[in-house]
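For reference, final.txt (compact mmCIF, C-alpha atoms and all ligand atoms):
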```txt
# COMPACT_ATOMS: atom_id res chain seq x y z
CA MET Y 1 -18.78 -1.11 16.15
CA LEU Y 2 -15.55 -1.16 18.13
CA LYS Y 3 -16.80 1.55 20.48
CA LYS Y 4 -19.49 -0.78 21.78
CA ASP Y 5 -17.26 -3.85 21.84
CA PRO Y 6 -16.09 -4.69 25.38
CA ASN Y 7 -13.00 -6.39 23.91
CA PHE Y 8 -11.65 -3.13 22.55
CA THR Y 9 -10.52 0.08 24.21
CA ARG Y 10 -9.77 3.12 22.16
CA LEU Y 11 -6.41 4.76 22.78
CA LYS Y 12 -7.74 8.28 22.49
CA LYS Y 13 -4.36 9.94 22.84
CA LEU Y 14 -3.14 8.34 19.62
CA GLY Y 15 -4.14 8.85 16.05
CA GLY Y 16 -6.35 11.58 14.69
CA ARG Y 17 -6.56 13.21 11.32
CA GLY Y 18 -3.45 13.27 9.19
CA TYR Y 19 -2.49 13.39 5.55
CA LEU Y 20 -3.24 9.67 5.38
CA GLY Y 21 -6.80 10.14 6.55
CA ARG Y 22 -8.30 9.46 9.95
CA VAL Y 23 -6.44 6.96 12.07
CA SER Y 24 -7.59 5.43 15.37
CA TYR Y 25 -5.86 3.01 17.71
CA TRP Y 26 -7.70 0.26 19.56
CA LEU Y 27 -6.42 -2.05 22.24
CA GLY Y 28 -7.81 -5.55 21.82
CA VAL Y 29 -7.45 -8.54 24.10
CA ASP Y 30 -4.38 -9.88 22.34
CA HIS Y 31 -3.56 -7.29 19.71
CA LEU Y 32 -3.33 -3.65 18.79
CA LEU Y 33 -5.76 -2.71 16.02
CA VAL Y 34 -5.02 0.29 13.85
CA VAL Y 35 -7.93 1.57 11.76
CA GLU Y 36 -6.99 3.89 8.91
CA VAL Y 37 -9.90 5.56 7.14
CA THR Y 38 -8.86 6.97 3.80
CA ASN Y 39 -11.09 7.90 0.88
CA TYR Y 40 -13.98 5.46 0.86
CA ASN Y 41 -11.91 2.76 2.51
CA GLU Y 42 -11.30 1.51 5.99
CA ARG Y 43 -8.12 -0.43 6.48
CA TYR Y 44 -7.31 -2.62 9.48
CA ARG Y 45 -3.81 -3.42 10.69
CA ARG Y 46 -3.41 -5.86 13.54
CA PHE Y 47 -0.32 -6.24 15.66
CA TYR Y 48 -0.51 -9.28 17.89
CA PHE Y 49 1.20 -8.92 21.24
CA ARG Y 50 2.73 -12.39 20.97
CA ASP Y 51 4.41 -11.44 17.67
CA LEU Y 52 5.77 -8.03 18.54
CA GLN Y 53 9.54 -8.03 18.88
CA ALA Y 54 10.38 -4.40 19.34
CA VAL Y 55 9.16 -0.81 19.23
CA ILE Y 56 11.52 1.72 17.71
CA VAL Y 57 10.89 5.40 18.32
CA GLN Y 58 13.10 7.80 16.44
CA ARG Y 59 13.20 11.53 16.71
CA ASN Y 60 13.12 13.50 13.49
CA ARG Y 61 13.39 17.17 12.55
CA ASN Y 62 9.82 17.65 11.38
CA ARG Y 63 9.01 20.07 14.20
CA MET Y 64 11.92 22.31 13.24
CA TRP Y 65 11.00 22.17 9.54
CA GLY Y 66 7.39 22.96 10.35
CA ASN Y 67 8.44 26.05 12.28
CA ILE Y 68 10.84 27.13 9.51
CA VAL Y 69 8.16 26.80 6.83
CA ALA Y 70 5.67 28.71 8.99
CA GLY Y 71 8.28 31.41 9.59
CA VAL Y 72 8.99 31.77 5.86
CA ILE Y 73 5.27 31.96 5.11
CA ALA Y 74 4.99 34.70 7.75
CA ILE Y 75 7.61 36.94 6.08
CA LEU Y 76 5.33 38.28 3.34
CA PRO Y 77 2.36 39.21 5.58
CA ALA Y 78 4.81 40.72 8.08
CA LEU Y 79 6.29 43.01 5.41
CA GLY Y 80 2.79 43.81 4.19
CA ALA Y 81 1.67 44.70 7.69
CA LEU Y 82 4.66 47.01 8.12
CA ALA Y 83 3.95 48.72 4.80
CA LEU Y 84 0.28 49.17 5.71
CA LEU Y 85 1.22 50.55 9.12
CA SER Y 86 3.59 53.11 7.61
CA ASP Y 87 0.80 54.18 5.27
CA GLY Y 88 -1.52 54.58 8.24
CA GLU Y 89 -3.87 51.84 6.99
CA TYR Y 90 -4.63 50.46 10.42
CA ALA Y 91 -7.67 48.41 9.38
CA GLY Y 92 -5.69 46.50 6.72
CA ALA Y 93 -2.71 46.17 9.04
CA SER Y 94 -4.82 44.57 11.77
CA LEU Y 95 -6.30 42.15 9.22
CA VAL Y 96 -2.84 41.03 8.11
CA GLY Y 97 -1.83 41.04 11.77
CA GLY Y 98 -4.54 38.46 12.39
CA ILE Y 99 -2.90 36.11 9.88
CA LEU Y 100 0.43 36.64 11.64
CA VAL Y 101 -1.15 35.80 14.99
CA LEU Y 102 -2.52 32.53 13.54
CA ILE Y 103 0.92 31.59 12.26
CA GLY Y 104 2.34 32.49 15.65
CA ILE Y 105 -0.17 30.24 17.40
CA PHE Y 106 0.81 27.39 15.07
CA ILE Y 107 4.52 27.83 15.83
CA LEU Y 108 3.85 28.07 19.55
CA SER Y 109 1.68 24.95 19.72
CA ASN Y 110 4.04 23.06 17.40
CA THR Y 111 6.88 23.90 19.76
CA LEU Y 112 4.97 23.12 22.94
CA ARG Y 113 3.73 19.74 21.71
CA GLY Y 114 7.29 18.49 21.94
CA PRO Y 115 9.72 16.92 19.51
CA MET Y 116 8.40 14.90 16.59
CA CYS Y 117 9.27 11.31 15.85
CA SER Y 118 8.43 8.18 13.92
CA VAL Y 119 7.27 4.94 15.52
CA HIS Y 120 7.97 1.51 14.05
CA LEU Y 121 6.67 -1.84 15.26
CA ARG Y 122 8.77 -4.85 14.47
CA THR Y 123 7.58 -8.44 14.13
CA ALA Y 124 9.45 -11.46 12.81
CA VAL Y 125 8.34 -10.73 9.27
CA GLN Y 126 8.17 -6.97 8.95
CA THR Y 127 8.86 -3.55 10.36
CA GLN Y 128 5.78 -1.34 10.08
CA LYS Y 129 5.58 2.39 10.60
CA LEU Y 130 2.61 3.53 12.67
CA ALA Y 131 0.50 6.26 11.15
CA ASN Y 132 -0.17 9.54 12.94
CA ILE Y 133 1.94 8.94 16.03
CA ASP Y 134 4.37 11.75 15.41
CA ARG Y 135 5.10 13.26 18.81
CA TRP Y 136 7.64 11.80 21.18
CA ARG Y 137 5.21 12.08 24.11
CA ARG Y 138 2.55 10.09 22.28
CA ALA Y 139 5.10 7.44 21.42
CA GLU Y 140 6.06 7.14 25.09
CA PHE Y 141 2.38 6.73 25.94
CA LEU Y 142 2.11 3.91 23.40
CA ILE Y 143 5.17 2.18 24.86
CA GLU Y 144 3.85 2.53 28.41
CA THR Y 145 0.51 1.07 27.33
CA LEU Y 146 1.84 -1.82 25.27
CA THR Y 147 4.90 -2.94 27.22
CA PRO Y 148 3.15 -4.52 30.24
CA LEU Y 149 0.66 -6.32 27.98
CA ILE Y 150 3.31 -7.68 25.64
CA GLN Y 151 5.71 -8.59 28.43
CA SER Y 152 3.15 -10.52 30.49
CA LEU Y 153 1.88 -12.37 27.41
CA GLN Y 154 5.29 -13.26 26.01
CA VAL Y 155 6.81 -14.22 29.35
CA SER Y 156 3.93 -16.58 30.19
CA ALA Y 157 4.09 -17.99 26.65
CA GLY Y 158 7.82 -18.55 27.07
CA GLU Y 159 7.33 -20.45 30.34
CA ALA Y 160 4.77 -22.77 28.82
CA GLN Y 161 7.22 -23.67 26.10
CA SER Y 162 5.86 -27.15 25.44
CA PRO Y 163 3.25 -26.84 22.73
CA ASN Y 164 0.15 -28.89 23.41
CA PRO Y 165 -1.62 -29.73 20.21
CA ALA Y 166 -5.14 -30.80 20.94
CA THR Y 167 -6.03 -34.26 19.82
CA VAL Y 168 -9.22 -35.54 18.29
CA SER Y 169 -10.03 -37.65 21.32
CA ASN Y 170 -9.62 -34.55 23.44
CA PRO Y 171 -11.06 -31.67 21.41
CA PRO Y 172 -10.27 -28.13 22.48
CA ALA Y 173 -12.61 -26.47 24.93
CA ALA Y 174 -15.48 -24.51 23.50
CA SER Y 175 -13.71 -22.12 21.22
CA ALA Y 176 -14.01 -18.44 21.90
CA VAL Y 177 -17.01 -17.19 20.00
CA GLN Y 178 -16.13 -14.54 17.49
CA PRO Y 179 -17.57 -11.20 18.59
CA ASP Y 180 -20.09 -9.87 16.16
CA PHE Y 181 -19.12 -6.44 14.91
CA SER Y 182 -22.27 -5.47 13.18
CA MET G 1 7.91 -1.96 5.01
CA SER G 2 11.04 -4.04 5.15
CA THR G 3 11.84 -7.60 6.04
CA ALA G 4 13.64 -8.07 9.31
CA SER G 5 16.60 -10.36 9.64
CA ASN G 6 16.87 -12.27 12.86
CA ASN G 7 18.38 -10.59 15.92
CA VAL G 8 19.48 -7.44 14.13
CA LEU G 9 17.53 -4.24 14.55
CA ASN G 10 18.09 -1.69 11.84
CA CYS G 11 17.63 2.04 12.04
CA PRO G 12 14.37 2.96 10.25
CA ASN G 13 16.04 6.09 8.93
CA CYS G 14 19.41 4.95 7.57
CA GLY G 15 19.03 1.17 7.61
CA LYS G 16 22.25 0.52 9.53
CA SER G 17 22.26 -1.79 12.53
CA LEU G 18 21.37 0.04 15.74
CA SER G 19 23.61 -2.18 17.83
CA ASP G 20 25.77 -5.21 17.15
CA LEU G 21 24.86 -6.67 20.53
CA PRO G 22 21.14 -7.46 20.91
CA GLU G 23 21.34 -7.12 24.70
CA MET G 24 22.58 -3.55 24.30
CA LEU G 25 19.54 -2.45 22.25
CA PRO G 26 17.48 -1.11 25.20
CA ALA G 27 20.42 1.17 26.06
CA VAL G 28 20.60 2.70 22.59
CA GLU G 29 20.12 6.46 22.68
CA ARG G 30 21.19 7.38 19.19
CA CYS G 31 21.64 5.58 15.90
CA PRO G 32 25.42 5.08 15.67
CA ALA G 33 25.35 5.83 11.95
CA CYS G 34 22.92 8.74 11.44
CA GLU G 35 22.94 9.90 15.08
CA ARG G 36 19.19 10.31 15.32
CA GLN G 37 17.83 10.15 18.84
CA THR G 38 16.32 6.68 19.14
CA ARG G 39 14.50 4.67 21.77
CA VAL G 40 14.24 0.92 21.43
CA VAL G 41 12.01 -1.36 23.51
CA VAL G 42 12.77 -5.01 22.96
CA PHE G 43 10.38 -7.83 23.90
CA PRO G 44 11.16 -11.50 24.62
CA ALA G 45 9.92 -12.51 21.15
CA PHE G 46 12.90 -10.70 19.68
CA SER G 47 15.44 -13.22 20.95
CA ARG G 48 13.17 -16.23 20.49
CA PRO G 49 14.10 -18.49 17.58
CA VAL G 50 11.72 -18.53 14.65
CA VAL G 51 9.31 -21.43 15.11
CA LYS G 52 9.35 -23.81 12.20
CA GLY G 53 5.98 -24.78 10.75
CA ALA G 54 4.33 -27.85 12.21
CA THR G 55 4.78 -31.12 10.38
CA ALA G 56 1.99 -33.62 10.17
CA GLU G 57 2.42 -36.99 11.79
CA ALA G 58 1.99 -40.04 9.60
CA VAL G 59 -0.61 -42.58 10.64
CA MET G 60 1.05 -45.49 12.42
CA MET G 61 -1.84 -47.75 13.28
CA GLU G 62 -4.66 -49.03 11.17
CA GLY G 63 -7.99 -47.41 12.00
CA GLU G 64 -6.59 -44.16 13.39
CA ALA G 65 -8.48 -40.99 12.57
CA THR G 66 -6.95 -39.31 9.56
CA CYS G 67 -6.97 -35.85 8.08
CA PHE G 68 -9.81 -35.09 5.66
CA TYR G 69 -7.34 -33.62 3.19
CA HIS G 70 -4.46 -36.05 3.78
CA ALA G 71 -5.57 -39.66 4.10
CA LYS G 72 -2.16 -40.72 5.42
CA LYS G 73 -1.77 -38.10 8.13
CA ARG G 74 -3.02 -38.44 11.66
CA ALA G 75 -5.93 -36.17 12.58
CA GLN G 76 -5.29 -33.77 15.44
CA VAL G 77 -8.33 -31.53 15.71
CA PRO G 78 -11.71 -31.18 14.09
CA CYS G 79 -12.46 -27.97 12.19
CA ASP G 80 -14.56 -25.76 14.47
CA GLU G 81 -16.68 -24.73 11.53
CA CYS G 82 -17.35 -27.86 9.47
CA GLY G 83 -16.11 -30.59 11.77
CA ARG G 84 -13.70 -32.20 9.30
CA PHE G 85 -10.69 -33.89 10.87
CA LEU G 86 -7.47 -32.00 10.30
CA CYS G 87 -3.79 -32.86 10.53
CA ALA G 88 -1.21 -30.44 11.94
CA VAL G 89 -0.60 -28.92 8.52
CA CYS G 90 -4.27 -28.32 7.71
CA ASP G 91 -5.15 -27.02 11.17
CA LEU G 92 -5.16 -23.23 10.98
CA GLU G 93 -5.57 -21.52 14.29
CA VAL G 94 -7.33 -18.17 14.26
CA ASN G 95 -8.26 -16.47 17.53
CA GLY G 96 -8.23 -19.79 19.35
CA ARG G 97 -10.46 -21.40 16.73
CA HIS G 98 -9.22 -24.31 14.63
CA LEU G 99 -10.27 -23.98 11.03
CA CYS G 100 -9.66 -25.96 7.87
CA PRO G 101 -8.21 -24.10 4.89
CA GLN G 102 -11.56 -24.08 3.13
CA CYS G 103 -13.56 -22.65 6.03
CA LEU G 104 -10.84 -20.10 6.60
CA GLU G 105 -11.06 -18.94 3.00
CA THR G 106 -14.85 -18.70 2.92
CA GLY G 107 -14.81 -17.06 6.35
CA ALA G 108 -12.31 -14.45 5.23
CA LYS G 109 -14.33 -13.77 2.08
CA LYS G 110 -17.60 -13.31 3.93
CA GLY G 111 -15.93 -11.19 6.59
CA LYS G 112 -16.96 -13.72 9.23
CA VAL G 113 -13.47 -14.21 10.59
CA GLN G 114 -13.08 -10.63 11.69
CA SER G 115 -9.41 -10.83 12.57
CA LEU G 116 -8.59 -11.75 8.97
CA GLU G 117 -10.38 -8.81 7.51
CA ARG G 118 -8.04 -6.28 6.00
CA GLY G 119 -10.53 -3.54 5.32
CA ARG G 120 -14.03 -2.49 4.46
CA PHE G 121 -15.41 -0.25 1.77
CA ARG G 122 -17.14 2.84 3.08
CA TRP G 123 -20.35 3.08 1.06
CA ASP G 124 -21.71 5.70 3.45
CA GLN G 125 -18.90 8.04 2.36
CA VAL G 126 -19.65 7.40 -1.31
CA ILE G 127 -23.33 8.20 -0.70
CA SER G 128 -22.48 11.41 1.20
CA THR G 129 -20.29 12.50 -1.70
CA LEU G 130 -23.12 11.75 -4.07
CA LEU G 131 -25.39 13.97 -1.98
CA VAL G 132 -23.02 16.89 -1.44
CA LEU G 133 -21.01 17.16 -4.66
CA PRO G 134 -23.95 17.92 -7.03
CA LEU G 135 -25.23 20.60 -4.62
CA ILE G 136 -22.07 22.65 -5.09
CA SER G 137 -21.29 21.79 -8.72
CA CYS G 138 -24.20 20.68 -10.90
CA GLY G 139 -27.53 21.12 -9.14
CA PHE G 140 -29.59 20.31 -12.22
CA LEU G 141 -28.48 16.67 -11.85
CA LEU G 142 -30.02 16.45 -8.37
CA PRO G 143 -32.94 14.16 -9.31
CA LEU G 144 -30.50 11.65 -10.79
CA THR G 145 -27.78 11.75 -8.13
CA SER G 146 -30.20 11.72 -5.21
CA LEU G 147 -32.03 8.78 -6.75
CA ALA G 148 -28.71 6.96 -7.12
CA ALA G 149 -27.90 7.76 -3.48
CA LEU G 150 -31.30 6.46 -2.40
CA VAL G 151 -30.78 3.22 -4.33
CA LEU G 152 -27.33 2.81 -2.74
CA VAL G 153 -28.74 3.37 0.75
CA VAL G 154 -31.19 0.52 0.26
CA TRP G 155 -28.74 -1.70 -1.63
CA LYS G 156 -25.85 -1.30 0.81
CA TRP G 157 -27.92 -1.31 3.99
CA LYS G 158 -26.70 -4.76 4.92
CA SER G 159 -23.09 -4.50 3.74
CA PRO G 160 -20.51 -4.73 6.55
CA PRO G 161 -20.65 -1.46 8.48
CA SER G 162 -17.65 0.58 9.53
CA LEU G 163 -15.92 -0.47 12.74
CA VAL G 164 -15.28 3.10 13.84
CA HIS G 165 -18.27 4.99 12.51
CA ASN G 166 -22.01 4.57 12.99
CA THR G 167 -22.75 3.54 9.42
CA ARG G 168 -26.44 2.77 9.92
CA LEU G 169 -27.11 6.21 11.36
CA SER G 170 -25.24 7.79 8.45
CA LEU G 171 -27.28 5.77 5.99
CA ILE G 172 -30.55 6.86 7.62
CA VAL G 173 -29.51 10.52 7.52
CA CYS G 174 -28.32 10.11 3.93
CA GLY G 175 -31.61 8.46 2.98
CA VAL G 176 -33.64 11.35 4.38
CA LEU G 177 -31.35 13.90 2.68
CA ALA G 178 -31.59 12.00 -0.60
CA LEU G 179 -35.39 12.08 -0.41
CA ILE G 180 -35.37 15.84 0.24
CA GLU G 181 -32.90 16.41 -2.60
CA PHE G 182 -34.95 14.24 -4.92
CA ILE G 183 -38.17 16.12 -4.20
CA GLY G 184 -36.38 19.46 -4.41
CA GLY G 185 -34.63 18.53 -7.64
CA CYS G 186 -37.85 17.29 -9.24
CA ALA G 187 -39.71 20.44 -8.13
CA PHE G 188 -36.96 22.54 -9.70
CA TRP G 189 -37.29 20.74 -13.03
CA TRP G 190 -41.08 20.85 -12.84
CA PHE G 191 -40.94 24.58 -12.35
CA MET G 192 -38.39 25.06 -15.14
CA LEU G 193 -40.33 22.96 -17.65
CA PHE G 194 -43.95 23.75 -16.84
CA GLY G 195 -44.01 26.56 -14.32
CA SER G 196 -42.67 29.29 -16.61
CA ARG G 197 -45.04 28.44 -19.47
CA ARG G 198 -48.08 29.66 -17.56
CA TYR G 199 -46.93 33.26 -17.45
ZN ZN Y 201 20.40 5.61 11.52
ZN ZN Y 202 -13.80 -26.50 8.01
ZN ZN Y 203 -3.96 -32.48 6.41
```
Could you render the structure from this file as structure tokens?
Ligand SMILES: [Zn+2]
Ligand SMILES: [Zn+2]
Ligand SMILES: [Zn+2]
Amino acid sequence: MLKKDPNFTRLKKLGGRGYLGRVSYWLGVDHLLVVEVTNYNERYRRFYFRDLQAVIVQRNRNRMWGNIVAGVIAILPALGALALLSDGEYAGASLVGGILVLIGIFILSNTLRGPMCSVHLRTAVQTQKLANIDRWRRAEFLIETLTPLIQSLQVSAGEAQSPNPATVSNPPAASAVQPDFS
Amino acid sequence: MSTASNNVLNCPNCGKSLSDLPEMLPAVERCPACERQTRVVVFPAFSRPVVKGATAEAVMMEGEATCFYHAKKRAQVPCDECGRFLCAVCDLEVNGRHLCPQCLETGAKKGKVQSLERGRFRWDQVISTLLVLPLISCGFLLPLTSLAALVLVVWKWKSPPSLVHNTRLSLIVCGVLALIEFIGGCAFWWFMLFGSRRY
């Protein structure tokens, strides 16, 4: 399990449950591992720090649309509550009022969690959207976490430009043993 | 998913270039075309030229070690798994390990080379479904479904567990539940078939 693997740290601020399933983000020694659990399947995406070229965060209007949809949904119960109140049906009105409060809480938290966005990671061969990182603040956290790791790795790799292919007479040092994930 | 052309970064929303000058990308605040607020962080790899694949060196001298797969190419490293000599083309580096194409393939198939694994099947979720679904839909099938769940628990005990979930614990819990459901289901049928006849 990744939780018990010293080579991986979970980025708890990222991921969570979304329409794609449950997504979790793990920081490995040399890559970012994204685990997407959908129905009966666990999918792994790996983004190696040495390959990452850019992170693109783009704001979208999903927060606004979410609030609009919630507002529209609230219209009917609001009218119902008013009708019940005018009829003196206070028990029914408070019940419908409860639904309105729930919708209100959703709109409030949706607003307070900040603007929504999409995050894309670009490598030389593809541009991949990251699942379940949909708030600007979370995206900033991802950038702050990844940037120093990627920079230090790519800068040191750039300095040691000369590739040194190991030869048979001089075999590579004991290769890193694959961690066992069972 | 889209392929990226070199040194141009396109807006994920509208597909237009975010900036004609690569060095101006970190200063981008909005997509010039669709005007969406955008933040770009560019890393050194972005401006690095694409590395061409390695080419194998031909053997110059008689008696030099040669690649197992290419008798005329000079060997560079031994495979860390099987020890065969490999040329630059056959040497596949995975997590600092040098592997030959064959070991890489078998390793990926067996799930031994973890970084090549693209996913795992979650048998524990299938078994949980098998235990829960009949309870709320067709309880009379319980003896059958719980038996199937029990068989799956034993059969899939050693299959690669989830990386993010304690699969073994789930399987133990599922096994116990399956046993209870099996006994309960059988008792139900026993009562239906023989219990009512006595009265
Ligand atoms: Zn655009
Ligand atoms: Zn081999
Ligand atoms: Zn070869």
| If you count all atoms listed in the file, which residues end up within 10 Å of ligand ZN 203 (chain Y), as a PyMOL selection string? | chain G and resi 55-57+66-76+85-91+100-101
| request: Identify, counting all atoms listed in the file, the protein, DNA and RNA residues located within 8 Å of ligand ZN 202 (chain Y), and give them as a list in words. | output: Pro78, Cys79, Asp80, Glu81, Cys82, Gly83, Arg84, Leu99, Cys100, Pro101, Gln102, Cys103 and Leu104 of chain G
| request: Identify, counting all atoms listed in the file, the protein, DNA and RNA residues located within 10 Å of ligand ZN 201 (chain Y), and give them as a count of residues only. | output: 19
| said: Residues of chain G within 7 Å of chain Y, counting all atoms listed in the file - could you list those as a VMD selection string? | reply: chain G and resid 1 to 4 36 to 46 75 to 78 96 to 97 118 to 123 125 to 126 160 to 164
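You can rank Y:Ala91, Y:Met116, Y:Ala131, Y:Ile68 by their closest distance to Gly104 (chain Y) using only C-alpha atoms, and at the top of that list sits Y:Ile68.
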| field | Point (-1.1, 41.4, 12.9), cut-off 12 Å, counting all atoms listed in the file, residues as a PyMOL selection string | value | chain Y and resi 74-82+84-85+90-104
| task | Just the residues within 12 Å of region 187-197 of chain G, please, counting all atoms listed in the file, with nothing from its chain fewer than 4 positions along; format it as a list in words. | result | Gly139, Phe140, Leu141, Leu142, Pro143, Leu144, Ile180, Glu181, Phe182 and Ile183 of chain G
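Coordinates place CA of Leu171 (chain G) at a distance of 26.0 Å from CA of Gly107 (chain G).
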Write out as an mmCIF file with C-alpha atoms, in the coordinates of the input each polymer residue whose atoms come within 10 Å of Tyr25 (chain Y), counting all atoms listed in the file; drop sequence neighbours fewer than 6 positions from it.
```cif
data_model
loop_
_atom_site.group_PDB
_atom_site.id
_atom_site.type_symbol
_atom_site.label_atom_id
_atom_site.label_comp_id
_atom_site.auth_asym_id
_atom_site.auth_seq_id
_atom_site.Cartn_x
_atom_site.Cartn_y
_atom_site.Cartn_z
ATOM 1 C CA PHE Y 8 -11.650 -3.130 22.550
ATOM 2 C CA THR Y 9 -10.520 0.080 24.210
ATOM 3 C CA ARG Y 10 -9.770 3.120 22.160
ATOM 4 C CA LEU Y 11 -6.410 4.760 22.780
ATOM 5 C CA LYS Y 12 -7.740 8.280 22.490
ATOM 6 C CA LYS Y 13 -4.360 9.940 22.840
ATOM 7 C CA LEU Y 14 -3.140 8.340 19.620
ATOM 8 C CA GLY Y 15 -4.140 8.850 16.050
ATOM 9 C CA GLY Y 16 -6.350 11.580 14.690
ATOM 10 C CA LEU Y 32 -3.330 -3.650 18.790
ATOM 11 C CA LEU Y 33 -5.760 -2.710 16.020
ATOM 12 C CA VAL Y 34 -5.020 0.290 13.850
ATOM 13 C CA VAL Y 35 -7.930 1.570 11.760
ATOM 14 C CA GLU Y 36 -6.990 3.890 8.910
ATOM 15 C CA ARG Y 45 -3.810 -3.420 10.690
ATOM 16 C CA LEU Y 130 2.610 3.530 12.670
ATOM 17 C CA ALA Y 131 0.500 6.260 11.150
ATOM 18 C CA ASN Y 132 -0.170 9.540 12.940
ATOM 19 C CA ILE Y 133 1.940 8.940 16.030
ATOM 20 C CA LEU Y 142 2.110 3.910 23.400
#
```
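Put simply, CA of Ser128 (chain G) is 8.6 Å away from CA of Ser170 (chain G).
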My structure is short of atoms at region 18-30 of chain G; please model N, CA and C atoms there, returning them as a PDB file, in the frame of the given file.
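So selection_38.pdb came out as:
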```
ATOM      1  N   LEU G  18      21.366  -0.878  14.598  1.00  0.00           N
ATOM      2  CA  LEU G  18      21.370   0.040  15.740  1.00  0.00           C
ATOM      3  C   LEU G  18      22.378  -0.387  16.791  1.00  0.00           C
ATOM      4  N   SER G  19      22.614  -1.695  16.892  1.00  0.00           N
ATOM      5  CA  SER G  19      23.610  -2.180  17.830  1.00  0.00           C
ATOM      6  C   SER G  19      24.017  -3.583  17.413  1.00  0.00           C
ATOM      7  N   ASP G  20      25.302  -3.872  17.526  1.00  0.00           N
ATOM      8  CA  ASP G  20      25.770  -5.210  17.150  1.00  0.00           C
ATOM      9  C   ASP G  20      25.393  -6.233  18.216  1.00  0.00           C
ATOM     10  N   LEU G  21      25.207  -5.757  19.439  1.00  0.00           N
ATOM     11  CA  LEU G  21      24.860  -6.670  20.530  1.00  0.00           C
ATOM     12  C   LEU G  21      23.374  -6.512  20.863  1.00  0.00           C
ATOM     13  N   PRO G  22      22.582  -7.567  20.651  1.00  0.00           N
ATOM     14  CA  PRO G  22      21.140  -7.460  20.910  1.00  0.00           C
ATOM     15  C   PRO G  22      20.825  -7.034  22.332  1.00  0.00           C
ATOM     16  N   GLU G  23      21.654  -7.460  23.301  1.00  0.00           N
ATOM     17  CA  GLU G  23      21.340  -7.120  24.700  1.00  0.00           C
ATOM     18  C   GLU G  23      21.608  -5.643  24.991  1.00  0.00           C
ATOM     19  N   MET G  24      22.317  -4.965  24.087  1.00  0.00           N
ATOM     20  CA  MET G  24      22.580  -3.550  24.300  1.00  0.00           C
ATOM     21  C   MET G  24      21.497  -2.646  23.694  1.00  0.00           C
ATOM     22  N   LEU G  25      20.550  -3.249  22.956  1.00  0.00           N
ATOM     23  CA  LEU G  25      19.540  -2.450  22.250  1.00  0.00           C
ATOM     24  C   LEU G  25      18.725  -1.519  23.157  1.00  0.00           C
ATOM     25  N   PRO G  26      18.273  -2.010  24.345  1.00  0.00           N
ATOM     26  CA  PRO G  26      17.480  -1.110  25.200  1.00  0.00           C
ATOM     27  C   PRO G  26      18.271   0.116  25.658  1.00  0.00           C
ATOM     28  N   ALA G  27      19.598   0.042  25.602  1.00  0.00           N
ATOM     29  CA  ALA G  27      20.420   1.170  26.060  1.00  0.00           C
ATOM     30  C   ALA G  27      20.733   2.149  24.934  1.00  0.00           C
ATOM     31  N   VAL G  28      20.283   1.824  23.727  1.00  0.00           N
ATOM     32  CA  VAL G  28      20.600   2.700  22.590  1.00  0.00           C
ATOM     33  C   VAL G  28      19.928   4.054  22.783  1.00  0.00           C
ATOM     34  N   GLU G  29      20.710   5.125  22.584  1.00  0.00           N
ATOM     35  CA  GLU G  29      20.120   6.460  22.680  1.00  0.00           C
ATOM     36  C   GLU G  29      20.122   7.165  21.326  1.00  0.00           C
ATOM     37  N   ARG G  30      21.104   6.804  20.513  1.00  0.00           N
ATOM     38  CA  ARG G  30      21.190   7.380  19.190  1.00  0.00           C
ATOM     39  C   ARG G  30      21.599   6.318  18.193  1.00  0.00           C
TER      40      ARG G  30
END
```
